[in-house]
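Student: This one is structure.csv, CSV, C-alpha atoms and all ligand atoms.
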```csv
chain,number,residue,atom,x,y,z
T,1,MET,CA,69.9,-78.5,-185.0
T,2,MET,CA,70.4,-81.1,-182.3
T,3,GLY,CA,71.8,-83.6,-184.8
T,4,LYS,CA,74.3,-81.0,-186.1
T,5,GLN,CA,75.5,-80.3,-182.6
T,6,THR,CA,75.9,-84.0,-181.9
T,7,SER,CA,77.9,-84.7,-185.0
T,8,LEU,CA,80.1,-81.7,-184.3
T,9,ARG,CA,80.8,-83.0,-180.8
T,10,ASN,CA,81.6,-86.4,-182.2
T,11,LYS,CA,84.0,-84.9,-184.7
T,12,LYS,CA,85.7,-83.1,-181.8
T,13,GLN,CA,85.9,-86.2,-179.7
T,14,VAL,CA,87.3,-88.3,-182.6
T,15,GLY,CA,89.9,-85.5,-183.2
T,16,ALA,CA,90.9,-85.4,-179.5
T,17,LEU,CA,91.2,-89.2,-179.4
T,18,TRP,CA,93.5,-89.2,-182.4
T,19,PHE,CA,95.6,-86.4,-180.9
T,20,ALA,CA,95.9,-88.3,-177.6
T,21,LEU,CA,96.9,-91.5,-179.4
T,22,LEU,CA,99.5,-89.6,-181.4
T,23,LEU,CA,101.0,-88.1,-178.2
T,24,ILE,CA,101.1,-91.5,-176.5
T,25,ALA,CA,102.7,-93.0,-179.6
T,26,CYS,CA,105.4,-90.2,-179.5
T,27,GLY,CA,105.9,-90.9,-175.8
T,28,THR,CA,105.3,-87.3,-174.8
T,29,VAL,CA,102.6,-87.9,-172.3
T,30,PRO,CA,102.5,-90.6,-169.6
T,31,ARG,CA,99.6,-93.1,-169.5
T,32,SER,CA,96.9,-91.6,-167.4
T,33,THR,CA,97.4,-94.3,-164.7
T,34,ALA,CA,101.2,-93.7,-164.4
T,35,ALA,CA,102.7,-91.5,-161.8
T,36,THR,CA,104.7,-88.5,-162.9
T,37,GLU,CA,108.2,-88.1,-161.6
T,38,GLU,CA,111.2,-85.8,-161.7
T,39,ILE,CA,114.5,-86.7,-160.1
T,40,HIS,CA,117.6,-84.5,-159.8
T,41,LEU,CA,120.9,-84.3,-157.9
T,42,SER,CA,122.0,-81.2,-155.9
T,43,SER,CA,125.2,-81.0,-158.0
T,44,THR,CA,126.7,-82.7,-161.0
T,45,GLU,CA,130.3,-82.0,-159.9
T,46,VAL,CA,131.5,-82.5,-156.3
T,47,VAL,CA,134.7,-83.3,-154.4
T,48,ASP,CA,135.0,-86.6,-152.5
T,49,GLY,CA,133.6,-86.3,-149.0
T,50,SER,CA,130.6,-84.2,-150.2
T,51,LEU,CA,127.0,-84.6,-149.5
T,52,LEU,CA,124.7,-85.1,-152.4
T,53,VAL,CA,120.9,-84.5,-152.1
T,54,VAL,CA,118.7,-86.5,-154.4
T,55,THR,CA,115.4,-84.6,-154.9
T,56,LEU,CA,112.4,-86.5,-156.2
T,57,LYS,CA,109.0,-85.1,-157.2
T,58,SER,CA,106.5,-87.8,-157.5
T,59,SER,CA,102.7,-88.0,-157.7
T,60,ASP,CA,102.9,-91.6,-156.4
T,61,PRO,CA,101.6,-91.7,-152.8
T,62,ASP,CA,103.8,-94.8,-152.1
T,63,ALA,CA,107.0,-93.1,-153.3
T,64,VAL,CA,108.7,-93.6,-149.9
T,65,LYS,CA,108.3,-97.4,-150.3
T,66,LYS,CA,109.1,-97.6,-154.0
T,67,TYR,CA,112.2,-95.4,-154.4
T,68,ARG,CA,115.7,-96.0,-153.2
T,69,ALA,CA,118.9,-94.1,-154.0
T,70,SER,CA,122.3,-95.7,-154.0
T,71,LEU,CA,126.0,-94.9,-154.7
T,72,GLY,CA,128.1,-98.0,-154.7
T,73,GLU,CA,127.5,-99.8,-151.4
T,74,THR,CA,125.6,-96.9,-149.9
T,75,ASN,CA,121.8,-97.0,-149.9
T,76,ALA,CA,119.5,-94.2,-148.9
T,77,LYS,CA,115.8,-94.0,-148.4
T,78,PHE,CA,113.7,-91.1,-149.5
T,79,PHE,CA,111.8,-89.0,-146.9
T,80,PRO,CA,108.9,-86.7,-147.6
T,81,SER,CA,109.9,-83.0,-147.8
T,82,PRO,CA,106.6,-81.1,-147.7
T,83,GLU,CA,108.5,-77.9,-147.1
T,84,LEU,CA,109.7,-78.1,-150.8
T,85,GLY,CA,106.1,-78.5,-152.0
T,86,PRO,CA,103.5,-81.3,-152.5
T,87,GLY,CA,104.9,-84.7,-153.7
T,88,MET,CA,108.5,-83.7,-152.9
T,89,TYR,CA,111.0,-86.2,-151.4
T,90,GLN,CA,114.7,-86.2,-150.7
T,91,ALA,CA,117.4,-88.8,-150.1
T,92,LEU,CA,120.9,-88.0,-148.7
T,93,ILE,CA,124.0,-89.7,-150.2
T,94,GLY,CA,127.6,-89.2,-149.0
T,95,VAL,CA,130.5,-89.5,-151.5
T,96,PRO,CA,133.2,-91.3,-149.4
T,97,PHE,CA,136.5,-89.6,-148.9
T,98,ASN,CA,139.2,-90.8,-151.4
T,99,THR,CA,136.7,-92.0,-154.0
T,100,ALA,CA,138.5,-92.1,-157.3
T,101,GLN,CA,138.0,-89.0,-159.5
T,102,GLY,CA,136.0,-89.2,-162.7
T,103,SER,CA,132.4,-89.9,-163.7
T,104,SER,CA,130.1,-91.6,-161.2
T,105,LYS,CA,126.4,-92.1,-160.8
T,106,VAL,CA,123.7,-92.2,-158.2
T,107,VAL,CA,121.3,-95.0,-159.1
T,108,VAL,CA,117.6,-94.5,-158.2
T,109,LYS,CA,115.8,-97.8,-158.1
T,110,VAL,CA,112.0,-97.8,-158.5
T,111,MET,CA,109.9,-100.7,-157.7
T,112,GLU,CA,107.1,-101.2,-160.2
T,113,GLY,CA,105.1,-104.2,-159.2
T,114,ASP,CA,107.4,-107.2,-159.4
T,115,SER,CA,110.0,-105.4,-161.5
T,116,GLU,CA,112.6,-102.8,-160.8
T,117,ARG,CA,113.4,-99.8,-162.9
T,118,LYS,CA,116.7,-97.9,-162.7
T,119,GLU,CA,117.3,-94.2,-163.3
T,120,ASN,CA,121.0,-93.1,-163.5
T,121,LEU,CA,122.0,-89.7,-162.2
T,122,SER,CA,125.4,-88.9,-163.5
T,123,PHE,CA,127.9,-86.7,-161.7
T,124,ASP,CA,131.7,-86.1,-161.6
T,125,ILE,CA,134.0,-86.5,-158.7
T,126,ILE,CA,136.8,-83.8,-158.9
T,127,ASP,CA,140.0,-83.4,-156.9
T,128,GLY,CA,139.4,-81.9,-153.4
T,129,ASN,CA,143.1,-80.8,-153.3
T,130,TYR,CA,143.1,-81.8,-149.6
T,131,PRO,CA,146.2,-80.6,-147.9
T,132,TYR,CA,148.6,-82.4,-145.5
T,133,GLU,CA,148.9,-81.4,-141.9
T,134,THR,CA,151.6,-82.2,-139.4
T,135,LEU,CA,150.6,-82.5,-135.8
T,136,SER,CA,152.4,-83.4,-132.6
T,137,VAL,CA,150.4,-85.1,-129.9
T,138,ASN,CA,150.9,-87.4,-126.9
T,139,PRO,CA,152.7,-90.5,-128.4
T,140,ARG,CA,150.3,-92.8,-126.6
T,141,LYS,CA,147.4,-91.3,-128.7
T,142,VAL,CA,149.2,-92.2,-131.9
T,143,LYS,CA,150.5,-95.7,-130.9
T,144,PRO,CA,148.0,-96.9,-128.4
T,145,LYS,CA,149.1,-99.4,-125.8
T,146,PRO,CA,147.4,-102.9,-125.8
T,147,LYS,CA,145.0,-101.9,-123.0
T,148,ASP,CA,144.1,-98.8,-125.0
T,149,MET,CA,143.5,-101.0,-128.0
T,150,VAL,CA,140.9,-103.0,-126.0
T,151,ARG,CA,139.2,-99.7,-125.1
T,152,ILE,CA,139.3,-98.4,-128.7
T,153,GLN,CA,137.8,-101.6,-130.0
T,154,LYS,CA,135.0,-101.5,-127.5
T,155,GLU,CA,134.3,-97.8,-128.4
T,156,ASN,CA,134.4,-98.6,-132.1
T,157,LYS,CA,131.8,-101.3,-131.5
T,158,ALA,CA,129.5,-98.8,-129.7
T,159,LEU,CA,129.9,-96.3,-132.5
T,160,GLY,CA,129.1,-99.0,-135.0
T,161,ILE,CA,125.9,-99.9,-133.2
T,162,ILE,CA,124.9,-96.2,-133.3
T,163,TYR,CA,125.6,-95.7,-137.0
T,164,ARG,CA,123.9,-98.9,-138.0
T,165,THR,CA,120.7,-97.7,-136.3
T,166,TYR,CA,118.4,-96.2,-138.8
T,167,THR,CA,115.7,-93.9,-137.4
T,168,GLU,CA,112.9,-93.4,-139.9
T,169,LYS,CA,112.0,-90.0,-138.6
T,170,ARG,CA,113.3,-86.7,-139.8
T,171,TYR,CA,113.9,-84.4,-136.8
T,172,TRP,CA,115.3,-81.5,-138.9
T,173,THR,CA,114.0,-79.3,-141.7
T,174,GLY,CA,116.3,-77.1,-143.8
T,175,PRO,CA,120.0,-76.4,-143.4
T,176,PHE,CA,122.0,-77.2,-140.3
T,177,VAL,CA,123.9,-74.5,-138.3
T,178,LYS,CA,127.5,-74.4,-137.3
T,179,PRO,CA,127.7,-75.5,-133.6
T,180,ILE,CA,130.1,-72.6,-132.8
T,181,ALA,CA,130.2,-69.4,-134.9
T,182,SER,CA,134.0,-69.3,-135.1
T,183,ASP,CA,136.8,-69.8,-137.6
T,184,MET,CA,137.8,-73.2,-139.0
T,185,THR,CA,141.3,-74.1,-138.0
T,186,SER,CA,141.4,-77.4,-139.8
T,187,PHE,CA,139.3,-78.4,-142.8
T,188,TYR,CA,137.6,-81.7,-143.6
T,189,GLY,CA,139.8,-84.1,-145.7
T,190,THR,CA,143.2,-82.8,-144.5
T,191,LYS,CA,145.6,-85.8,-144.6
T,192,ARG,CA,147.1,-86.0,-141.1
T,193,ILE,CA,150.6,-86.8,-140.1
T,194,PHE,CA,150.7,-87.4,-136.4
T,195,ASN,CA,154.2,-87.4,-134.9
T,196,GLY,CA,155.7,-88.0,-138.3
T,197,GLU,CA,153.4,-90.8,-139.5
T,198,LEU,CA,150.4,-90.5,-141.8
T,199,GLN,CA,147.6,-91.7,-139.6
T,200,SER,CA,144.3,-90.8,-141.2
T,201,PHE,CA,142.3,-88.1,-143.0
T,202,HIS,CA,140.5,-85.5,-141.0
T,203,SER,CA,136.9,-86.7,-141.0
T,204,GLY,CA,135.4,-83.5,-139.6
T,205,VAL,CA,136.3,-79.9,-139.2
T,206,ASP,CA,137.9,-78.1,-136.3
T,207,LEU,CA,136.3,-74.9,-135.1
T,208,LYS,CA,138.3,-72.5,-133.0
T,209,ALA,CA,137.2,-72.5,-129.4
T,210,ALA,CA,138.8,-71.7,-126.0
T,211,VAL,CA,138.1,-74.1,-123.1
T,212,GLY,CA,134.6,-73.4,-121.8
T,213,THR,CA,133.1,-72.0,-125.1
T,214,PRO,CA,129.5,-73.1,-125.4
T,215,ILE,CA,128.8,-75.7,-128.1
T,216,TYR,CA,125.3,-75.9,-129.7
T,217,SER,CA,123.5,-78.6,-131.6
T,218,ALA,CA,123.6,-78.2,-135.3
T,219,ALA,CA,120.0,-79.4,-135.8
T,220,PRO,CA,117.2,-81.1,-133.9
T,221,GLY,CA,117.6,-84.7,-132.9
T,222,VAL,CA,118.2,-87.1,-130.1
T,223,VAL,CA,121.5,-87.5,-128.1
T,224,VAL,CA,122.5,-91.1,-128.7
T,225,MET,CA,126.0,-90.9,-127.2
T,226,ARG,CA,127.4,-88.9,-124.4
T,227,ARG,CA,130.7,-90.5,-123.4
T,228,ASN,CA,134.4,-90.1,-123.0
T,229,LEU,CA,136.2,-91.8,-125.9
T,230,PHE,CA,139.9,-92.5,-126.4
T,231,PHE,CA,140.4,-90.4,-129.5
T,232,THR,CA,137.6,-87.8,-129.4
T,233,GLY,CA,137.5,-87.3,-125.7
T,234,ASN,CA,134.2,-86.2,-124.3
T,235,THR,CA,131.9,-86.8,-127.2
T,236,VAL,CA,128.3,-86.1,-128.0
T,237,ILE,CA,126.5,-87.8,-131.0
T,238,ILE,CA,123.1,-86.6,-132.1
T,239,ASP,CA,120.8,-88.7,-134.3
T,240,HIS,CA,118.9,-86.5,-136.7
T,241,GLY,CA,117.0,-89.3,-138.4
T,242,TYR,CA,117.3,-90.9,-141.8
T,243,GLY,CA,120.9,-92.0,-141.2
T,244,VAL,CA,122.1,-88.5,-140.4
T,245,TYR,CA,124.4,-88.1,-137.3
T,246,THR,CA,126.5,-85.2,-136.1
T,247,LEU,CA,129.4,-85.7,-133.6
T,248,TYR,CA,131.0,-83.1,-131.3
T,249,ALA,CA,134.3,-83.9,-129.7
T,250,HIS,CA,137.0,-82.9,-127.1
T,251,MET,CA,134.5,-81.2,-124.8
T,252,SER,CA,135.5,-80.2,-121.3
T,253,GLU,CA,132.0,-80.6,-120.0
T,254,PHE,CA,128.7,-82.1,-121.1
T,255,LYS,CA,125.6,-79.9,-120.9
T,256,ILE,CA,123.1,-82.5,-122.1
T,257,LYS,CA,121.9,-85.9,-120.9
T,258,GLN,CA,122.1,-89.2,-122.8
T,259,GLY,CA,118.8,-89.8,-124.6
T,260,ALA,CA,117.7,-86.1,-124.5
T,261,THR,CA,115.8,-84.7,-127.4
T,262,VAL,CA,117.4,-81.4,-128.6
T,263,LYS,CA,116.4,-78.5,-130.7
T,264,ALA,CA,118.7,-76.7,-133.1
T,265,ASN,CA,121.1,-74.3,-131.4
T,266,GLN,CA,120.6,-75.9,-128.0
T,267,LEU,CA,123.6,-75.9,-125.6
T,268,ILE,CA,125.1,-79.4,-125.4
T,269,GLY,CA,128.5,-78.9,-123.9
T,270,LEU,CA,131.6,-76.7,-123.5
T,271,ALA,CA,134.7,-76.8,-125.6
T,272,GLY,CA,137.9,-78.4,-124.3
T,273,LYS,CA,140.8,-80.6,-125.3
T,274,THR,CA,140.0,-84.0,-124.0
T,275,GLY,CA,141.1,-87.0,-126.1
T,276,ARG,CA,143.6,-86.7,-129.0
T,277,ALA,CA,143.8,-82.9,-129.3
T,278,THR,CA,146.7,-80.6,-129.7
T,279,GLY,CA,144.8,-77.8,-128.0
T,280,PRO,CA,141.2,-76.7,-127.2
T,281,HIS,CA,138.8,-76.7,-130.1
T,282,LEU,CA,135.6,-78.3,-131.3
T,283,HIS,CA,136.0,-81.2,-133.7
T,284,TRP,CA,132.6,-81.4,-135.6
T,285,ALA,CA,131.8,-84.4,-137.8
T,286,ALA,CA,128.9,-85.8,-139.7
T,287,VAL,CA,128.0,-89.3,-140.7
T,288,ILE,CA,125.4,-89.9,-143.4
T,289,ASN,CA,124.3,-93.4,-144.1
T,290,HIS,CA,127.6,-94.7,-142.8
T,291,VAL,CA,129.7,-92.2,-144.8
T,292,LYS,CA,131.8,-89.5,-143.1
T,293,VAL,CA,131.0,-86.4,-145.0
T,294,ASN,CA,132.1,-82.8,-144.7
T,295,PRO,CA,129.7,-81.5,-142.0
T,296,VAL,CA,129.8,-78.0,-143.5
T,297,ASP,CA,127.8,-79.4,-146.4
T,298,LEU,CA,124.8,-79.9,-144.1
T,299,THR,CA,124.8,-76.1,-143.7
T,300,ARG,CA,125.0,-75.3,-147.4
T,301,VAL,CA,123.6,-78.2,-149.5
T,302,LEU,CA,120.4,-78.8,-147.5
T,303,LYS,CA,117.7,-76.4,-148.5
S,401,ZN,ZN,139.2,-82.4,-135.8
```
Written as structure tokens, how would this file's structure read?
Tutor:
Amino acid sequence: MMGKQTSLRNKKQVGALWFALLLIACGTVPRSTAATEEIHLSSTEVVDGSLLVVTLKSSDPDAVKKYRASLGETNAKFFPSPELGPGMYQALIGVPFNTAQGSSKVVVKVMEGDSERKENLSFDIIDGNYPYETLSVNPRKVKPKPKDMVRIQKENKALGIIYRTYTEKRYWTGPFVKPIASDMTSFYGTKRIFNGELQSFHSGVDLKAAVGTPIYSAAPGVVVMRRNLFFTGNTVIIDHGYGVYTLYAHMSEFKIKQGATVKANQLIGLAGKTGRATGPHLHWAAVINHVKVNPVDLTRVLK
């Protein structure tokens, strides 16, 4: 009796072994030591200026160190996203404004010992059909005087230092909120003709607001700039961590201190028309890993 049972078990074990070898040979199961992974993009078709979220599911406890996402020159680190489930990570990538239409790819590099593996995530960049907009402003704000240029260069340097700072802490969870619940009077990506000359593209959105309208933070973070700038007037910049910054411009008054930690929906200032503005409104912008993306994407692409 005992002998029969043993031989039956052996037969089962041998069968199971063959079956496992067959699966490994077919490549349908990972080696027991290898980590499992799933990677996907938030969208396979976007307009330039969009935010792309790379979602990673990995059983590797060192995923944060081993995985990197990139699009052209832009690199993004993955951060744990426990709110999406165990072993979940995300990385944020901005598709720069005016990137050529056509097929593109986010490359996820995975360090495996001394070697590097690459996973390509394909997506298409389609025409944003961004309109033109003609504006009349104070000529000095379009053709700055030499002393203004000195000021502008100094301010750009300060902005550069902020955006190059990479805070490896995620202050937010889930989607951002609009800083003012009002209509948009100018969209992201609008090509702007100031006083008859094409100057730039609109790197944020304009939200309708009378002077004195309260402006709220779009997500938790730290106030890393509270300063009057030549173009954007009284400006607040919030660092949300992992290369994500939001900017609020043309304020009439600040209601937050430099260095303050803010929650989502916290009063940070009052709307105005300081800087290069045709009238009172809130200019709201977002920078993600050095790329100026449509800030509205933070409210609809992030989950
Ligand atoms: Zn604007």
Student: Mind listing as JSON, numbers by chain all residues within 10 Å of (124.4, -74.8, -131.2), counting only C-alpha atoms?
Tutor: {"T": [176, 177, 178, 179, 180, 181, 214, 215, 216, 217, 218, 219, 220, 262, 263, 264, 265, 266, 267, 268, 269]}
Student: Please check which protein, DNA or RNA residues sit within 12 Å of ligand ZN 401 (chain S), counting only C-alpha atoms and all ligand atoms, and write them as an NGL selection string.
Tutor: :T and (133 or 135 or 184-192 or 200-209 or 231-233 or 247-250 or 273-286 or 294-295)
Student: Closest to Asn129 of chain T among T:Asp48, T:Leu159, T:Ile93, T:Thr299, using only C-alpha atoms?
Tutor: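 Between T:Asp48, T:Leu159, T:Ile93, T:Thr299, the residue approaching Asn129 of chain T most closely is T:Asp48.
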Student: For the atom pair atom CA of Asp62 of chain T and atom CA of Pro80 of chain T, what is the interatomic distance in Å to one decimal place?
Tutor: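 Rounded to one decimal, the two atoms are 10.6 Å apart.
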Student: Could you check the closest approach to Leu229 of chain T for each of T:Asp127, T:Glu37, T:Glu155, T:Lys118 and tell me which residue wins, using all atoms listed in the file?
Tutor: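 Closest candidate: T:Glu155.
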Student: For Ala158 of chain T, which residue among T:Phe97, T:Ala260, T:Val224, T:Ser58 is the nearest when counting all atoms listed in the file?
Tutor: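 The shortest atom-to-atom distance to Ala158 of chain T comes from T:Val224.
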Student: Counting all atoms listed in the file, which of T:Phe230, T:Tyr245, T:Tyr89, T:Phe123 gets nearest to Thr44 of chain T?
Tutor: T:Phe123
Student: Using atom CA of Gln258 of chain T and atom CA of Gly241 of chain T as the two end points, give the distance in Å to one decimal.
Tutor: 16.4 Å
Student: Quick one, how far is atom CA of Pro86 of chain T from atom CA of Ala63 of chain T?
Tutor: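 Result for atom CA of Pro86 of chain T versus atom CA of Ala63 of chain T: 12.3 Å, one decimal.
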Student: Excluding Ser70 of chain T and any residue of its chain fewer than 5 positions from it, enumerate the residues within 10 Å of it, using all atoms listed in the file, and give them as number ranges by chain.
Tutor: T: 54, 75-77, 91-94, 105-109, 120
Student: Pick out the closest residue to Lys303 of chain T from this set: T:Val291, T:Val47, T:Ile39, T:Leu52. Count all atoms listed in the file.
Tutor: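 Between T:Val291, T:Val47, T:Ile39, T:Leu52, the residue approaching Lys303 of chain T most closely is T:Leu52.
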Student: Which is closer to Val110 of chain T than all the others in T:Phe78, T:Met251, T:Pro146, T:Thr235, using all atoms listed in the file?
Tutor: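 Going through T:Phe78, T:Met251, T:Pro146, T:Thr235 one by one, the smallest distance to Val110 of chain T is for T:Phe78.
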Student: For Arg170 of chain T, please output as a PDB file with C-alpha atoms, in the coordinates of the input all residues within 8 Å (counting all atoms listed in the file; exclusion window: fewer than 3 positions along the same chain).
Tutor:
```pdb
ATOM      1  CA  PHE T  79     111.800 -89.000-146.900  1.00  0.00           C
ATOM      2  CA  THR T 167     115.700 -93.900-137.400  1.00  0.00           C
ATOM      3  CA  THR T 173     114.000 -79.300-141.700  1.00  0.00           C
ATOM      4  CA  HIS T 240     118.900 -86.500-136.700  1.00  0.00           C
ATOM      5  CA  GLY T 241     117.000 -89.300-138.400  1.00  0.00           C
ATOM      6  CA  TYR T 242     117.300 -90.900-141.800  1.00  0.00           C
TER       7      TYR T 242
END
```
